[in-house]
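Undergrad: After the structure tokens below, expect a handful of questions from me.
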Amino acid sequence: MAAFTEKAIKLSFMKLLNDKPINKITVKDIVEDCGINRNTFYYHFDDIPSLLQEVLIDEVNNLLQNQSEINSIYDCLISAIDFALQNKRAMLHIYNSANRELFEQYLNNVTCIAVKKFIEYACAEYSISSSDRDAIIIYYKCLLIGFVIDWLTTGMNYDLRIKIKRICELYDGSMETAFKRASQPQQRSS
């Protein structure tokens, strides 16, 4: 029953967040929407920021569980992009709120998970040191975070799925070049 109530609270919160900014949502709004009392809300969550954090953590976990095909970074990110598009107003409300830090942590986690999963799959046939692998992961993670932040700052006014797919096409082979270079012995400068 507790899991059902917690899920109802999260769904009500996301519904409200798609309608209005986070600073306009109260615990009263949430409990009225899902038909519970305030004590029940506070049994599950300390406050609205802790609820937001749980919603974002749940989404990261859903992405991990539902990721089956990893043929490209695009495939790894499409679920996160789809979630953002389905909750466009909510994402913009979070991004433009005092809780932006939580969203940035979520974005960092989702992007890192997607890139790491793909890089580990894609570089399996190469002998790459863990430090080089980590550097490649950081590079692609930062690129993708930059794309998402640009998308958010423009109000999500273009289709990120199309842009990311095209970027992957344009830079196809660059990751393999990095893998090849990373698998070669490093030359020391004199």
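In the structure tokens, chains take letters A, B, ... by order of appearance, with residues numbered from 1 within each chain and ligands from 1 in the order shown.
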With a distance cut-off of 7 Å and only C-alpha atoms, select the neighbouring residues of A:Ile119, excluding the residue or stretch itself and same-chain residues fewer than 4 positions from it, and output the selection as a list in words.
TA: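 Here the qualifying residues turn out to be Val115, Cys123 and Ile137 of chain A.
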Undergrad: Would you mind exporting the chosen residues as a PDB file, in the first residue's frame, restricted to C-alpha atoms?
TA:
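Output file part36.pdb is given in full below:
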```
ATOM      1  CA  VAL A 115      27.324   7.290 -22.304  1.00  0.00           C
ATOM      2  CA  CYS A 123      35.009  -0.282 -26.880  1.00  0.00           C
ATOM      3  CA  ILE A 137      33.080   8.998 -21.236  1.00  0.00           C
TER       4      ILE A 137
END
```
Undergrad: Tell me which of A:Phe179, A:Phe4, A:Tyr43, A:Phe83 sits closest to A:Ile136, counting only C-alpha atoms.
TA: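 Under the stated criterion, the closest residue is A:Phe179.
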Undergrad: Report, in Å with one decimal, the straight-line distance from atom CA of A:Arg89 to atom CA of A:Lys20.
TA: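 Result for atom CA of A:Arg89 versus atom CA of A:Lys20: 7.9 Å, one decimal.
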Undergrad: What does the distance from atom CA of A:Phe103 to atom CA of A:Ile9 come to in Å, to one decimal?
TA: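 Between these atoms lies a distance of 19.0 Å.
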Undergrad: Quick one: everything within 8 Å of A:Lys141, counting only C-alpha atoms, minus sequence neighbours fewer than 2 positions away in the same chain. Send it as a PyMOL selection string.
TA: chain A and resi 108+111-112+115+137-139+143-145
Undergrad: Taking the DSSP assignment computed from this structure's backbone, write out as a PyMOL selection string all residues of chain A that belong to alpha helix (DSSP H).
TA: chain A and resi 2-17+27-34+38-44+48-66+73-86+88-95+100-122+130-153+160-170+174-183
Undergrad: Just want the 12 Å neighbourhood of A:Leu107, counted on only C-alpha atoms, with same-chain residues fewer than 3 positions away dropped. Output as JSON, numbers by chain.
TA: {"A": [53, 56, 57, 59, 60, 77, 80, 81, 84, 91, 94, 95, 100, 101, 102, 103, 104, 110, 111, 112, 113, 114, 115, 141, 142, 144, 145, 146, 147, 148, 149, 152]}
Undergrad: For a quick check of understanding, using only C-alpha atoms, which of A:Ser183, A:Thr5, A:Thr153, A:Asn96 has the smallest distance to A:Phe45?
TA: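 Result for the nearest residue to A:Phe45: A:Thr5.
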